[in-house]
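S.K.: Got a structure here, written out as structure tokens. Questions coming.
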Amino acid sequence: MKKIVLLFAAVLAASCEIVDNDMDKHVDSTYVSLADVAALMSRLPLEAEHLREVHDAVSASSGNGYDEEYTMSQLFTAPGSGVGDPVTKASAGYERPLHMLIEEHLRSAPVTKSTTVMDPDRWISYVSGSDIQIYWPYSEGWDGKQMPVITFDPEDDSVNNSGYMLVTDEDGFRHVEEVLVDEELARRCPVWVINRNSDAQYKSLEMLRREDPQWGEGGGSVIVRPQETKSTSEVRTLILKDFTMNRNYDSWFAGASEFFVKIGAFEDFTATTEAEMKLYNPTITDFMIVVKRNQTGIPQPFNAILVSDWTGQMDSCAMMIIEDDGGTIKEWSCTALVRVDSRSYGIELKIPFYSYDDIVWRGNLTSRWFEANNNTVCRFGDIDMTFELVEY
């Protein structure tokens with residue numbers, strides 16, 4: 001099972017702060033902005049195969065458990081591939097991939113005082129190494145023909161922004177019209193939003209399932225089964241059956257909501273003395289759930305194992321749900337409770353999170369609570385979840 005981050009308790013301890021100094025993932029905004037990239041894309045002589053390339057990529061990302069996104073890194077190095085695809089994935093046979101149009105445009109553009117792009121090689125280096133991407137919301141409704149409206153994330157929580165509509169007149173000449181773009185327009189026609197990637201660095205639940213047979217093959221049923229017969233009927237498995245987002249947490253320009261579900265507990269805990277407690281280390285199960293905007297209010301089946309061996313001695317676990325927004329790293333202190341020789345012990349854990357994250361819910365959930373709410377839809381802030389305790 002994939003172990004990463006999450007947990008928390010009711011008490012906020014003094015936190016430490018670590019500055020995110022990974023500057024390689026951020027484009028020099030004084031040189032290249034999201035607006036610059038959107039404007040350049042609108043000037044390209046896009047053809048059917050370029051739309052297919054972008055659609056192939058966003059569809060691949062979506063199938064891999066990410067948002068409908070095509071990163072600039074993949075656009076320049078692996079045309080048509082999505083987030084989560086192997087870095088060695090070959091091009092899908094595009095005669096003139098989109099990156100060739102961009103390079104040709106940059107090298108042929110006359111250099112003037114008002115020219116945004118002064119050095120094509122530097123521009124390409126910045127953009128291809130950045131977190132900039134093409135986000136195509138509601139891409140599943142594309143008819144395979146209609147040209148996109150191109151806009152960018154204003155990064156100020158606006159609900160609309162200016163964009164570029166590619167229009168072909170009766171004589172076959174194409175020109176660009178500036179239009180106002182909002183989410184309703186994106187539902188009706190293809191819209192490419194130039195925004196920033198926030199989930200490619202994480203492994204989605206779908207990718208975890210593919211890499212680890214214990215996660216199953218992508219949903220529908222619980223695949224994991226214990227390898228050995230349990231020594232006691234008190235040992236159960238805690239499963240997250242489904243997850244429902246009841247509201248979006250970010251501006252639609254920013255894309256889907258990325259949630260992290262984190263559980264801290266003591267798996268297979270059977271200590272009978274305080275000395276034996278030292279042999280056990282708490283585990284943290286942490287995975288990302290990407291909920292697209294068109295999935296709001298719709299239960300998403302996951303059937304993910306949160307705690308594989310919940311014994312009768314474990315009183316509670318710590319659970320935290322966050323919607324990722326980045327920032328600087330901080331830490332929360334949380335506790336999980338276990339029973340040893342009829343006495344309860346609280347074990348402290350430290351869980352990192354980011355300063356801009358939305359904390360959807362945090363707290364402790366007891367074994368009695370799970371038993372009372374087994375297979376019941378329960379509300380946690382703006383999220384509904386269904387848990388199941390399975391005894392094998």
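Residue names in the structure tokens use chain letters A, B, ... in the order shown, residue numbers from 1 in each chain, and ligand numbers from 1 in the order shown.
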Excluding A:Leu51 and residues on its chain fewer than 6 positions from it, collect all residues at most 9 Å away from it, counting only C-alpha atoms, and give them as a PyMOL selection string.
M.R.: chain A and resi 98+144-148
S.K.: Using the chain letters and numbers from this document, which residues of stretch 33-154 of chain A does DSSP assign to strand (DSSP E or B), as JSON, numbers by chain?
M.R.: {"A": [69, 70, 71, 132, 133, 134, 135, 149, 150, 151, 152]}
S.K.: So that I can check the surroundings of A:Asp153, please list as a ChimeraX atom specification every protein, DNA and RNA residue that reaches within 12 Å of it, counting only C-alpha atoms and ignoring chain neighbours fewer than 5 positions away.
M.R.: /A:33-38,132-135,158-163,181-183,191-197,250-255
S.K.: Could you tell me which of A:Trp310, A:Phe243, A:Phe152, A:Phe287 comes closest to A:Val377 if we count only C-alpha atoms?
M.R.: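 For A:Val377, the nearest of the candidates is A:Phe243.
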S.K.: Kindly assemble as a tab-separated table a list of the stretch 68-145 of chain A residues that lie within 12 Å of stretch 42-48 of chain A, each paired with its nearest atom pair and their distance in Å to one decimal, using only C-alpha atoms, sorted first by chain and then by ascending residue number.
M.R.:
```
residue	atom	partner	partner_atom	distance
A:Tyr94	CA	A:Ala48	CA	10.6
A:Glu95	CA	A:Glu47	CA	11.1
A:Arg96	CA	A:Glu47	CA	9.7
A:Pro97	CA	A:Leu46	CA	10.2
A:Leu98	CA	A:Leu46	CA	8.1
A:His99	CA	A:Leu44	CA	10.5
A:Met100	CA	A:Leu44	CA	10.3
A:Leu101	CA	A:Leu44	CA	6.5
A:Ile102	CA	A:Leu44	CA	7.1
A:Glu103	CA	A:Leu44	CA	10.2
A:Glu104	CA	A:Leu44	CA	9.4
A:His105	CA	A:Leu44	CA	7.1
A:Leu106	CA	A:Leu44	CA	10.1
A:Ser108	CA	A:Leu44	CA	11.8
A:Ala109	CA	A:Arg43	CA	10.8
A:Asp143	CA	A:Ala48	CA	11.6
A:Gly144	CA	A:Ala48	CA	8.1
A:Lys145	CA	A:Ala48	CA	7.0
```
S.K.: Please report the interatomic distance between atom CA of A:Gly80 and atom CA of A:Ala200 in Å with one decimal.
M.R.: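 Between atom CA of A:Gly80 and atom CA of A:Ala200 the gap works out to 15.6 Å.
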S.K.: For A:Pro190, which of A:Met320, A:Val307, A:Met385, A:Val149 is the closest residue, counting only C-alpha atoms?
M.R.: A:Val149
